[in-house]
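Next up, data.tsv (TSV, C-alpha atoms):
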chain	number	residue	atom	x	y	z
A	10	MET	CA	0.00	0.00	0.00
A	11	GLN	CA	2.78	2.43	0.86
A	12	ASP	CA	4.34	1.88	-2.58
A	13	ILE	CA	1.07	2.57	-4.38
A	14	TYR	CA	0.41	5.63	-2.23
A	15	LEU	CA	3.85	7.06	-2.93
A	16	LEU	CA	3.47	6.36	-6.66
A	17	VAL	CA	0.09	8.09	-6.86
A	18	ALA	CA	1.18	10.98	-4.63
A	19	GLY	CA	4.49	11.46	-6.45
A	20	PRO	CA	5.21	10.57	-10.09
A	21	LEU	CA	1.56	10.22	-11.13
A	22	ALA	CA	0.70	13.61	-9.65
A	23	TRP	CA	3.59	15.23	-11.53
A	24	ALA	CA	2.48	13.52	-14.74
A	25	ALA	CA	-1.13	14.66	-14.29
A	26	TRP	CA	-0.12	18.29	-13.76
A	27	ALA	CA	2.24	18.18	-16.74
A	28	ILE	CA	-0.46	16.75	-19.05
A	29	PHE	CA	-2.93	19.29	-17.69
A	30	PHE	CA	-0.70	22.28	-18.43
A	31	LEU	CA	0.59	21.10	-21.80
A	32	GLY	CA	-2.88	19.91	-22.82
A	33	SER	CA	-4.39	23.25	-21.78
A	34	ALA	CA	-1.84	25.22	-23.77
A	35	TYR	CA	-2.55	23.02	-26.78
A	36	LYS	CA	-6.31	23.35	-26.37
A	37	ILE	CA	-6.22	27.14	-26.22
A	38	TRP	CA	-3.77	27.36	-29.10
A	39	SER	CA	-5.77	25.00	-31.33
A	40	THR	CA	-9.05	26.77	-30.55
A	41	LEU	CA	-7.54	30.10	-31.53
A	42	ALA	CA	-6.09	28.53	-34.68
A	43	VAL	CA	-9.50	27.24	-35.75
A	44	ALA	CA	-11.08	30.62	-35.06
A	45	LYS	CA	-8.44	32.30	-37.19
A	46	GLN	CA	-9.02	29.91	-40.04
A	47	LYS	CA	-12.80	29.97	-40.03
A	48	ASP	CA	-13.69	33.37	-38.81
A	49	GLN	CA	-10.93	35.82	-39.63
A	50	VAL	CA	-13.50	38.56	-40.19
A	51	LEU	CA	-14.78	38.43	-36.66
A	52	LEU	CA	-11.29	38.19	-35.22
A	53	ASN	CA	-10.70	41.65	-36.69
A	54	TYR	CA	-13.45	42.91	-34.45
A	55	VAL	CA	-12.17	41.40	-31.23
A	56	SER	CA	-12.01	44.19	-28.74
A	57	PHE	CA	-10.31	43.88	-25.40
A	58	ARG	CA	-12.70	46.40	-23.88
A	59	TYR	CA	-15.91	44.65	-24.94
A	60	ALA	CA	-14.46	41.21	-24.21
A	61	LEU	CA	-13.56	42.22	-20.68
A	62	ARG	CA	-16.90	43.97	-20.20
A	63	SER	CA	-18.73	40.78	-21.14
A	64	ILE	CA	-16.52	38.55	-18.96
A	65	ILE	CA	-17.01	40.79	-15.94
A	66	ASN	CA	-20.76	41.06	-16.40
A	67	TRP	CA	-21.15	37.31	-16.71
A	68	SER	CA	-18.99	36.76	-13.62
A	69	ILE	CA	-21.38	38.61	-11.33
A	70	PRO	CA	-24.12	36.35	-9.94
A	71	PHE	CA	-27.66	37.22	-11.13
A	72	ASN	CA	-26.29	40.07	-13.25
A	73	THR	CA	-27.54	38.81	-16.60
A	74	THR	CA	-31.10	38.42	-17.80
A	75	ASN	CA	-30.55	34.74	-18.45
A	76	MET	CA	-29.29	34.16	-14.91
A	77	ARG	CA	-32.29	35.97	-13.43
A	78	LEU	CA	-34.55	33.66	-15.45
A	79	HIS	CA	-32.95	30.68	-13.69
A	80	PRO	CA	-32.20	31.92	-10.18
A	81	VAL	CA	-31.88	28.52	-8.51
A	82	PHE	CA	-29.58	27.05	-11.09
A	83	THR	CA	-27.52	30.25	-11.16
A	84	GLY	CA	-27.08	30.29	-7.39
A	85	VAL	CA	-26.18	26.62	-7.27
A	86	ALA	CA	-23.78	26.86	-10.22
A	87	PHE	CA	-21.97	29.88	-8.80
A	88	PHE	CA	-21.69	28.20	-5.42
A	89	PHE	CA	-20.36	25.03	-7.04
A	90	HIS	CA	-17.62	26.74	-9.02
A	91	ILE	CA	-16.49	28.89	-6.11
A	92	ALA	CA	-16.59	26.02	-3.62
A	93	PHE	CA	-14.65	23.80	-6.04
A	94	PHE	CA	-11.64	26.12	-6.13
A	95	VAL	CA	-11.90	27.22	-2.50
A	96	LEU	CA	-11.76	23.59	-1.39
A	97	LEU	CA	-8.96	22.69	-3.78
A	98	ILE	CA	-6.75	25.52	-2.57
A	99	PHE	CA	-7.72	26.05	1.07
A	100	ILE	CA	-8.23	22.52	2.44
A	101	SER	CA	-5.61	22.29	5.15
A	102	ALA	CA	-4.34	18.85	4.11
A	103	HIS	CA	-3.57	20.12	0.58
A	104	GLN	CA	-1.79	23.20	1.90
A	105	ILE	CA	0.14	21.17	4.49
A	106	MET	CA	1.50	18.82	1.82
A	107	ILE	CA	2.52	21.73	-0.40
A	108	GLU	CA	4.08	23.63	2.49
A	109	GLU	CA	6.04	20.60	3.62
A	110	GLY	CA	7.06	19.68	0.10
A	111	PHE	CA	7.82	23.08	-1.41
A	112	GLY	CA	8.07	25.47	1.53
A	113	ILE	CA	5.21	27.76	0.52
A	114	GLY	CA	2.33	28.32	2.92
A	115	TRP	CA	-0.96	30.21	2.94
A	116	VAL	CA	-4.13	30.47	5.05
A	117	THR	CA	-6.40	27.43	5.26
A	118	LEU	CA	-10.00	26.66	6.11
A	119	PRO	CA	-10.77	25.03	9.45
A	120	ASP	CA	-11.45	21.35	8.71
A	121	ILE	CA	-15.04	21.67	9.94
A	122	VAL	CA	-15.81	24.42	7.40
A	123	ALA	CA	-14.14	22.46	4.59
A	124	ASP	CA	-16.18	19.43	5.62
A	125	ILE	CA	-19.48	21.31	5.39
A	126	LEU	CA	-18.52	22.80	2.02
A	127	ALA	CA	-17.57	19.37	0.69
A	128	PHE	CA	-20.91	17.90	1.71
A	129	ALA	CA	-22.64	20.83	0.05
A	130	VAL	CA	-20.69	20.22	-3.16
A	131	LEU	CA	-21.76	16.58	-3.10
A	132	GLY	CA	-25.35	17.75	-2.74
A	133	VAL	CA	-24.87	20.03	-5.75
A	134	CYS	CA	-23.52	17.13	-7.81
A	135	VAL	CA	-26.70	15.18	-7.05
A	136	PHE	CA	-28.72	18.28	-7.98
A	137	PHE	CA	-26.92	18.52	-11.33
A	138	ALA	CA	-27.65	14.85	-12.07
A	139	VAL	CA	-31.31	15.07	-11.08
A	140	ARG	CA	-31.73	18.23	-13.14
A	141	ARG	CA	-30.41	16.45	-16.20
A	142	VAL	CA	-33.02	13.74	-15.73
A	143	ILE	CA	-36.12	15.76	-14.89
A	144	ARG	CA	-35.78	18.96	-16.92
A	145	PRO	CA	-36.94	18.04	-20.44
A	146	GLU	CA	-35.00	20.83	-22.17
A	147	VAL	CA	-31.80	19.68	-20.40
A	148	ASN	CA	-32.53	16.00	-20.74
A	149	TYR	CA	-32.87	16.48	-24.49
A	150	VAL	CA	-29.24	17.61	-24.88
A	151	THR	CA	-27.86	15.07	-22.38
A	152	ASP	CA	-26.08	11.85	-23.29
A	153	TRP	CA	-24.04	9.41	-21.23
A	154	THR	CA	-20.89	11.51	-21.50
A	155	ASP	CA	-22.54	14.24	-19.42
A	156	TYR	CA	-23.15	11.78	-16.62
A	157	GLY	CA	-19.64	10.41	-17.07
A	158	LEU	CA	-18.09	13.86	-16.69
A	159	LEU	CA	-20.31	14.63	-13.71
A	160	ALA	CA	-19.21	11.38	-12.08
A	161	LEU	CA	-15.60	12.29	-12.78
A	162	VAL	CA	-16.07	15.65	-11.06
A	163	THR	CA	-17.93	14.09	-8.13
A	164	ALA	CA	-15.40	11.31	-7.50
A	165	PRO	CA	-12.64	13.37	-5.82
A	166	PHE	CA	-15.18	14.99	-3.49
A	167	LEU	CA	-16.83	11.70	-2.56
A	168	THR	CA	-13.55	9.90	-1.92
A	169	GLY	CA	-12.17	12.97	-0.14
A	170	VAL	CA	-15.08	13.09	2.29
A	171	LEU	CA	-14.91	9.33	2.89
A	172	ALA	CA	-11.15	9.44	3.44
A	173	TYR	CA	-11.40	12.41	5.80
A	174	HIS	CA	-14.04	10.63	7.87
A	175	GLN	CA	-12.09	7.38	7.56
A	176	VAL	CA	-15.08	5.46	6.25
A	177	GLY	CA	-14.10	2.29	4.44
A	178	ASP	CA	-10.50	1.20	4.02
A	179	TYR	CA	-8.56	4.41	4.56
A	180	MET	CA	-5.58	3.76	2.28
A	181	THR	CA	-7.82	2.62	-0.59
A	182	MET	CA	-9.86	5.78	-0.17
A	183	VAL	CA	-6.94	8.26	-0.20
A	184	ILE	CA	-5.41	6.50	-3.16
A	185	LEU	CA	-8.74	6.63	-5.05
A	186	HIS	CA	-9.05	10.28	-4.01
A	187	MET	CA	-5.71	11.24	-5.55
A	188	LEU	CA	-6.20	9.00	-8.57
A	189	SER	CA	-9.65	10.39	-9.40
A	190	ALA	CA	-8.37	13.95	-9.02
A	191	GLU	CA	-5.49	13.16	-11.36
A	192	ILE	CA	-7.86	11.69	-13.96
A	193	LEU	CA	-10.03	14.80	-13.64
A	194	LEU	CA	-7.01	17.04	-14.15
A	195	VAL	CA	-5.97	15.15	-17.26
A	196	ALA	CA	-9.54	15.19	-18.61
A	197	ILE	CA	-9.98	18.97	-18.35
A	198	PRO	CA	-8.24	20.00	-21.60
A	199	PHE	CA	-9.65	17.12	-23.65
A	200	THR	CA	-13.34	17.08	-22.70
A	201	ARG	CA	-16.13	19.61	-22.26
A	202	LEU	CA	-14.54	20.42	-18.93
A	203	SER	CA	-12.31	22.57	-21.13
A	204	HIS	CA	-14.90	25.31	-20.54
A	205	MET	CA	-12.60	26.05	-17.62
A	206	LEU	CA	-10.01	27.19	-20.18
A	207	LEU	CA	-12.27	28.46	-22.94
A	208	ALA	CA	-15.17	30.14	-21.15
A	209	SER	CA	-13.47	33.52	-21.05
A	210	LEU	CA	-12.46	33.23	-24.73
A	211	THR	CA	-16.04	32.39	-25.71
A	212	ARG	CA	-17.39	35.23	-23.61
A	213	GLY	CA	-14.83	37.65	-25.00
A	214	TYR	CA	-15.69	36.62	-28.53
A	215	ILE	CA	-19.43	37.03	-28.04
A	216	GLY	CA	-18.91	40.24	-26.09
A	217	SER	CA	-16.84	41.67	-28.94
A	218	GLU	CA	-19.41	40.72	-31.53
A	219	PHE	CA	-22.26	42.29	-29.58
A	220	GLY	CA	-20.27	45.35	-28.61
A	221	MET	CA	-18.38	46.13	-31.82
A	222	VAL	CA	-20.77	44.82	-34.49
A	223	ARG	CA	-24.27	44.80	-33.08
A	224	HIS	CA	-23.74	47.62	-30.58
A	225	VAL	CA	-25.83	45.99	-27.87
A	226	ASN	CA	-25.06	44.50	-24.48
A	227	ASP	CA	-24.79	40.72	-24.34
A	228	TRP	CA	-26.18	40.21	-20.82
B	27	MET	CA	-46.27	29.42	17.86
B	28	ARG	CA	-44.76	30.04	21.31
B	29	HIS	CA	-44.54	26.39	22.31
B	30	LYS	CA	-42.94	25.52	18.99
B	31	LEU	CA	-40.25	28.09	19.72
B	32	TYR	CA	-39.67	26.66	23.20
B	33	GLY	CA	-39.46	23.21	21.74
B	34	TYR	CA	-36.89	24.43	19.27
B	35	VAL	CA	-34.78	26.11	21.97
B	36	ILE	CA	-34.84	22.99	24.14
B	37	PHE	CA	-33.93	20.80	21.20
B	38	CYS	CA	-30.95	23.01	20.32
B	39	SER	CA	-29.75	23.10	23.93
B	40	VAL	CA	-29.83	19.33	24.13
B	41	VAL	CA	-27.92	19.00	20.85
B	42	LEU	CA	-25.31	21.52	22.04
B	43	CYS	CA	-24.87	19.81	25.43
B	44	VAL	CA	-24.48	16.39	23.85
B	45	THR	CA	-21.99	17.73	21.30
B	46	PHE	CA	-19.77	19.61	23.74
B	47	GLY	CA	-20.13	16.97	26.42
B	48	GLY	CA	-19.09	14.43	23.80
B	49	ILE	CA	-16.06	16.46	22.78
B	50	ALA	CA	-14.95	16.79	26.40
B	51	ALA	CA	-15.52	13.10	27.09
B	52	PHE	CA	-13.55	12.05	24.06
B	53	ALA	CA	-10.82	14.68	24.50
B	54	GLN	CA	-7.74	12.73	23.68
B	55	ASP	CA	-4.74	11.84	25.70
B	56	THR	CA	-1.82	13.31	23.77
B	57	GLY	CA	0.53	10.42	24.69
B	58	VAL	CA	4.20	11.43	24.74
B	59	PHE	CA	3.57	14.49	22.58
B	60	LYS	CA	3.80	17.99	24.08
B	61	LEU	CA	1.23	19.82	22.01
B	62	GLU	CA	0.30	22.98	23.96
B	63	THR	CA	2.02	25.07	21.25
B	64	PHE	CA	-0.64	24.09	18.71
B	65	GLY	CA	-3.49	25.43	20.85
B	66	SER	CA	-6.61	23.53	19.87
B	67	LEU	CA	-5.87	20.56	17.63
B	68	GLU	CA	-7.28	20.27	14.14
B	69	ARG	CA	-6.76	16.51	13.85
B	70	PRO	CA	-6.98	13.53	16.21
B	71	VAL	CA	-3.62	13.05	17.96
B	72	SER	CA	-1.25	10.82	16.02
B	73	THR	CA	-0.69	7.26	17.17
B	74	PHE	CA	2.89	6.59	18.16
B	75	ASP	CA	4.37	3.72	20.11
B	76	HIS	CA	7.49	5.20	21.68
B	77	ASP	CA	8.77	1.94	23.20
B	78	GLU	CA	8.34	0.02	19.96
B	79	HIS	CA	10.24	2.72	18.07
B	80	GLN	CA	13.13	3.05	20.49
B	81	GLU	CA	13.62	-0.72	20.49
B	82	MET	CA	13.92	-0.99	16.71
B	83	ASP	CA	17.24	-2.23	15.33
B	84	GLY	CA	19.89	0.46	15.08
B	85	MET	CA	17.62	3.17	16.51
B	86	GLU	CA	19.43	5.77	18.65
B	87	CYS	CA	17.68	8.20	20.96
B	88	SER	CA	19.46	10.97	19.08
B	89	ASP	CA	17.91	9.92	15.75
B	90	CYS	CA	14.79	11.70	16.98
B	91	HIS	CA	15.93	13.68	20.04
B	92	HIS	CA	18.63	15.51	18.16
B	93	VAL	CA	20.93	18.39	18.97
B	94	TYR	CA	22.30	20.68	16.29
B	95	GLU	CA	25.50	22.66	16.65
B	96	ASN	CA	26.06	25.35	14.03
B	97	GLY	CA	23.67	23.62	11.67
B	98	VAL	CA	25.38	20.23	12.00
B	99	LYS	CA	23.79	17.33	13.86
B	100	ALA	CA	25.89	16.54	16.93
B	101	ALA	CA	26.36	12.77	16.78
B	102	ASP	CA	27.23	12.29	20.44
B	103	GLN	CA	24.48	14.40	21.99
B	104	SER	CA	20.77	13.91	22.48
B	105	SER	CA	17.87	16.01	23.75
B	106	GLU	CA	15.33	13.55	25.17
B	107	ASP	CA	14.99	15.80	28.22
B	108	GLN	CA	13.45	18.46	25.96
B	109	ALA	CA	10.17	18.59	24.08
B	110	CYS	CA	10.38	19.15	20.33
B	111	ALA	CA	8.38	22.33	20.97
B	112	GLU	CA	11.12	23.78	23.18
B	113	CYS	CA	13.20	24.34	20.06
B	114	HIS	CA	10.67	24.08	17.25
B	115	THR	CA	8.30	27.04	17.34
B	116	LEU	CA	4.98	27.09	15.51
B	117	LYS	CA	6.56	28.90	12.55
B	118	SER	CA	9.77	27.74	10.91
B	119	GLN	CA	12.96	29.67	11.62
B	120	GLY	CA	15.43	29.51	8.75
B	121	THR	CA	16.28	25.86	8.20
B	122	GLN	CA	14.62	24.78	11.44
B	123	PRO	CA	11.15	23.52	10.51
B	124	GLY	CA	8.03	24.67	12.37
B	125	LEU	CA	6.63	22.26	14.96
B	126	ARG	CA	4.06	20.48	12.81
B	127	GLN	CA	6.51	20.01	10.00
B	128	ALA	CA	9.21	18.86	12.44
B	129	TYR	CA	7.03	15.94	13.52
B	130	HIS	CA	5.83	15.17	10.00
B	131	GLN	CA	9.24	15.32	8.39
B	132	GLN	CA	10.90	13.19	11.04
B	133	CYS	CA	8.18	10.55	11.14
B	134	LYS	CA	7.42	10.33	7.41
B	135	ASN	CA	10.96	10.56	6.04
B	136	CYS	CA	12.02	7.55	8.05
B	137	HIS	CA	8.93	5.55	7.11
B	138	VAL	CA	9.56	6.27	3.43
B	139	GLU	CA	13.23	5.42	3.80
B	140	LYS	CA	12.50	2.15	5.63
B	141	LYS	CA	9.57	1.35	3.30
B	142	ALA	CA	7.54	0.61	6.43
B	143	GLY	CA	5.28	2.65	8.67
B	144	PRO	CA	2.53	5.17	7.92
B	145	VAL	CA	2.81	8.00	5.35
B	146	ALA	CA	-0.80	9.14	4.74
B	147	CYS	CA	-2.64	11.57	7.06
B	148	GLY	CA	-5.27	9.16	8.34
B	149	GLU	CA	-2.81	6.35	9.04
B	150	CYS	CA	-1.36	8.44	11.89
B	151	HIS	CA	-4.29	10.73	12.74
B	152	ILE	CA	-6.74	7.89	13.30
B	153	LYS	CA	-10.26	8.93	14.29

Could you express the structure from this file as structure tokens?
Amino acid sequence: MQDIYLLVAGPLAWAAWAIFFLGSAYKIWSTLAVAKQKDQVLLNYVSFRYALRSIINWSIPFNTTNMRLHPVFTGVAFFFHIAFFVLLIFISAHQIMIEEGFGIGWVTLPDIVADILAFAVLGVCVFFAVRRVIRPEVNYVTDWTDYGLLALVTAPFLTGVLAYHQVGDYMTMVILHMLSAEILLVAIPFTRLSHMLLASLTRGYIGSEFGMVRHVNDW
Amino acid sequence: MRHKLYGYVIFCSVVLCVTFGGIAAFAQDTGVFKLETFGSLERPVSTFDHDEHQEMDGMECSDCHHVYENGVKAADQSSEDQACAECHTLKSQGTQPGLRQAYHQQCKNCHVEKKAGPVACGECHIK
């Protein structure tokens, strides 16, 4: 068990981060290349001002008409994305390992707060799944890959909570926790999770079109 | 309305008493560790069998209870009369690790080196 743990915590973690960063660079580069090839005209109209204006307006909860039409989903989705990164960065165990491995430290959440947030995120994952089943307009555009990706995102939280509470075989759980997070990291650039990398490009593009060409707000 | 509110208050009081009473009842013995420096603990106290460790082959007291002179480990001296916390403060000082890291580094490095003994959080901090 110690060997597997050290493999997953060491070399595999390095490999996952490397694939994530290289894959992300490739994904952004190739997306821009396609845009250049297919839509040179619009690229001429890309405006930093309108792009930024659109990104900022879509980053404020309930700021857009579309978000106000779906207040529950908007609230839940904003919470999910914020909680995801807050947990990733401010869980004390993550920070402790980085501090002891690389000598850089920062503030952390008390474990009890992190625990509550993690349970809430698990609840949100269930919400996302149920929504895909019961909302006809969402169900229509859903196939098995959506559930697959949702499961992939849920896995690190589920195994993390189980490991923290030491439910089930502890070593199996931490190893699955790290492994699922590494698979998630690798999947980001190559699946629809790439919206993490591309969302601001898409927003900037639409914002530019609406601002420069149509002269209307896009929110 | 009123009696519902009373019921609620009583319910909350009972929950609070049970929780805090439970925490006090299960407050852990810290074993050989001198942990006042940490204040309140975030994790359950680590398991550690001192006798078993000191009786392992080739283990010297000074492997853990070390003394440093000018940044070099003094081979012929040991510090078992001192708590780790007497030298290791909460925050690191130059090359001297902070208290938590002092424990972690000493315990884990040896376990990795010997390919035996715990290395993951919950193997030491058992609930």

Distance filter 12 Å, all atoms listed in the file, chain A against chain B, as a PDB file with C-alpha atoms, in the frame of the given file:
ATOM      1  CA  MET A  10       0.000   0.000   0.000  1.00  0.00           C
ATOM      2  CA  GLN A  11       2.780   2.430   0.860  1.00  0.00           C
ATOM      3  CA  ASP A  12       4.340   1.880  -2.580  1.00  0.00           C
ATOM      4  CA  ILE A  13       1.070   2.570  -4.380  1.00  0.00           C
ATOM      5  CA  TYR A  14       0.410   5.630  -2.230  1.00  0.00           C
ATOM      6  CA  LEU A  15       3.850   7.060  -2.930  1.00  0.00           C
ATOM      7  CA  LEU A  16       3.470   6.360  -6.660  1.00  0.00           C
ATOM      8  CA  VAL A  17       0.090   8.090  -6.860  1.00  0.00           C
ATOM      9  CA  ALA A  18       1.180  10.980  -4.630  1.00  0.00           C
ATOM     10  CA  ILE A 100      -8.230  22.520   2.440  1.00  0.00           C
ATOM     11  CA  SER A 101      -5.610  22.290   5.150  1.00  0.00           C
ATOM     12  CA  ALA A 102      -4.340  18.850   4.110  1.00  0.00           C
ATOM     13  CA  HIS A 103      -3.570  20.120   0.580  1.00  0.00           C
ATOM     14  CA  ILE A 105       0.140  21.170   4.490  1.00  0.00           C
ATOM     15  CA  MET A 106       1.500  18.820   1.820  1.00  0.00           C
ATOM     16  CA  ILE A 107       2.520  21.730  -0.400  1.00  0.00           C
ATOM     17  CA  GLU A 108       4.080  23.630   2.490  1.00  0.00           C
ATOM     18  CA  GLU A 109       6.040  20.600   3.620  1.00  0.00           C
ATOM     19  CA  GLY A 110       7.060  19.680   0.100  1.00  0.00           C
ATOM     20  CA  PHE A 111       7.820  23.080  -1.410  1.00  0.00           C
ATOM     21  CA  GLY A 112       8.070  25.470   1.530  1.00  0.00           C
ATOM     22  CA  ILE A 113       5.210  27.760   0.520  1.00  0.00           C
ATOM     23  CA  GLY A 114       2.330  28.320   2.920  1.00  0.00           C
ATOM     24  CA  THR A 117      -6.400  27.430   5.260  1.00  0.00           C
ATOM     25  CA  LEU A 118     -10.000  26.660   6.110  1.00  0.00           C
ATOM     26  CA  PRO A 119     -10.770  25.030   9.450  1.00  0.00           C
ATOM     27  CA  ASP A 120     -11.450  21.350   8.710  1.00  0.00           C
ATOM     28  CA  ILE A 121     -15.040  21.670   9.940  1.00  0.00           C
ATOM     29  CA  VAL A 122     -15.810  24.420   7.400  1.00  0.00           C
ATOM     30  CA  ALA A 123     -14.140  22.460   4.590  1.00  0.00           C
ATOM     31  CA  GLY A 169     -12.170  12.970  -0.140  1.00  0.00           C
ATOM     32  CA  LEU A 171     -14.910   9.330   2.890  1.00  0.00           C
ATOM     33  CA  ALA A 172     -11.150   9.440   3.440  1.00  0.00           C
ATOM     34  CA  TYR A 173     -11.400  12.410   5.800  1.00  0.00           C
ATOM     35  CA  HIS A 174     -14.040  10.630   7.870  1.00  0.00           C
ATOM     36  CA  GLN A 175     -12.090   7.380   7.560  1.00  0.00           C
ATOM     37  CA  VAL A 176     -15.080   5.460   6.250  1.00  0.00           C
ATOM     38  CA  GLY A 177     -14.100   2.290   4.440  1.00  0.00           C
ATOM     39  CA  ASP A 178     -10.500   1.200   4.020  1.00  0.00           C
ATOM     40  CA  TYR A 179      -8.560   4.410   4.560  1.00  0.00           C
ATOM     41  CA  MET A 180      -5.580   3.760   2.280  1.00  0.00           C
ATOM     42  CA  THR A 181      -7.820   2.620  -0.590  1.00  0.00           C
ATOM     43  CA  MET A 182      -9.860   5.780  -0.170  1.00  0.00           C
ATOM     44  CA  VAL A 183      -6.940   8.260  -0.200  1.00  0.00           C
ATOM     45  CA  ILE A 184      -5.410   6.500  -3.160  1.00  0.00           C
ATOM     46  CA  MET A 187      -5.710  11.240  -5.550  1.00  0.00           C
TER      47      MET A 187
END

Set the distance at 8 Å and use only C-alpha atoms: which residues neighbour Thr56 of chain B once local chain neighbours fewer than 4 positions away are removed? I'd like the list as a PDB file with C-alpha atoms, in the coordinates of the input.
ATOM      1  CA  LYS B  60       3.800  17.990  24.080  1.00  0.00           C
ATOM      2  CA  LEU B  61       1.230  19.820  22.010  1.00  0.00           C
ATOM      3  CA  VAL B  71      -3.620  13.050  17.960  1.00  0.00           C
TER       4      VAL B  71
END

Using only C-alpha atoms for the distances, tell me which of A:Pro145, A:Phe219, A:Phe166, A:Asp155 is nearest to Leu131 of chain A.
A:Phe166

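Across the structure, atom CA of Ile98 of chain A and atom CA of Arg201 of chain A are spaced 22.6 Å apart.
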
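Interatomic distance, atom CA of Gly213 of chain A to atom CA of Leu194 of chain A: 24.6 Å.
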
Write out as number ranges by chain the residues lying within 12 Å of Gly120 of chain B, counting only C-alpha atoms and excluding same-chain residues fewer than 5 positions away.
A: 112; B: 97, 114-115

Which residues come within 12 Å of Glu106 of chain B, counting only C-alpha atoms, excluding same-chain residues fewer than 3 positions away, as a ChimeraX atom specification?
/B:58,76,80,86-93,103,109-112

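For the pair atom CA of Leu21 of chain A and atom CA of His186 of chain A, the separation is 12.8 Å.
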
If we count all atoms listed in the file, what is near segment 159-165 of chain A at a cut-off of 8 Å, once residues fewer than 5 positions away on the same chain are taken out, given as a count of residues only?
10

Residue list as a short mmCIF file (atom, residue, chain, number, x, y, z; two decimals) with C-alpha atoms, keeping the file's coordinate frame for point (-12.2, 37.1, -32.1), cut-off 10 Å, all atoms listed in the file:
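Done, and the output landed in out21.cif:
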data_model
loop_
_atom_site.label_atom_id
_atom_site.label_comp_id
_atom_site.auth_asym_id
_atom_site.auth_seq_id
_atom_site.Cartn_x
_atom_site.Cartn_y
_atom_site.Cartn_z
CA LEU A 41 -7.54 30.10 -31.53
CA ALA A 44 -11.08 30.62 -35.06
CA LYS A 45 -8.44 32.30 -37.19
CA ASP A 48 -13.69 33.37 -38.81
CA GLN A 49 -10.93 35.82 -39.63
CA VAL A 50 -13.50 38.56 -40.19
CA LEU A 51 -14.78 38.43 -36.66
CA LEU A 52 -11.29 38.19 -35.22
CA ASN A 53 -10.70 41.65 -36.69
CA TYR A 54 -13.45 42.91 -34.45
CA VAL A 55 -12.17 41.40 -31.23
CA SER A 56 -12.01 44.19 -28.74
CA PHE A 57 -10.31 43.88 -25.40
CA ALA A 60 -14.46 41.21 -24.21
CA LEU A 210 -12.46 33.23 -24.73
CA THR A 211 -16.04 32.39 -25.71
CA GLY A 213 -14.83 37.65 -25.00
CA TYR A 214 -15.69 36.62 -28.53
CA ILE A 215 -19.43 37.03 -28.04
CA GLY A 216 -18.91 40.24 -26.09
CA SER A 217 -16.84 41.67 -28.94
CA GLU A 218 -19.41 40.72 -31.53
#

Hey, what's within 12 Å of Val81 of chain A if we count all atoms listed in the file and toss same-chain stuff fewer than 5 positions away? As a PyMOL selection string, please?
chain A and resi 70-71+75-76+86-88+133+136-137+140

The centre and edge lengths of an axis-aligned box containing all atoms of segment 88-93 of chain B present in the file, extended by 8 Å on each side, are to be given in Å to one decimal, as lines of an AutoDock Vina configuration file.
center_x = 17.9
center_y = 14.2
center_z = 17.9
size_x = 22.1
size_y = 24.5
size_z = 20.3
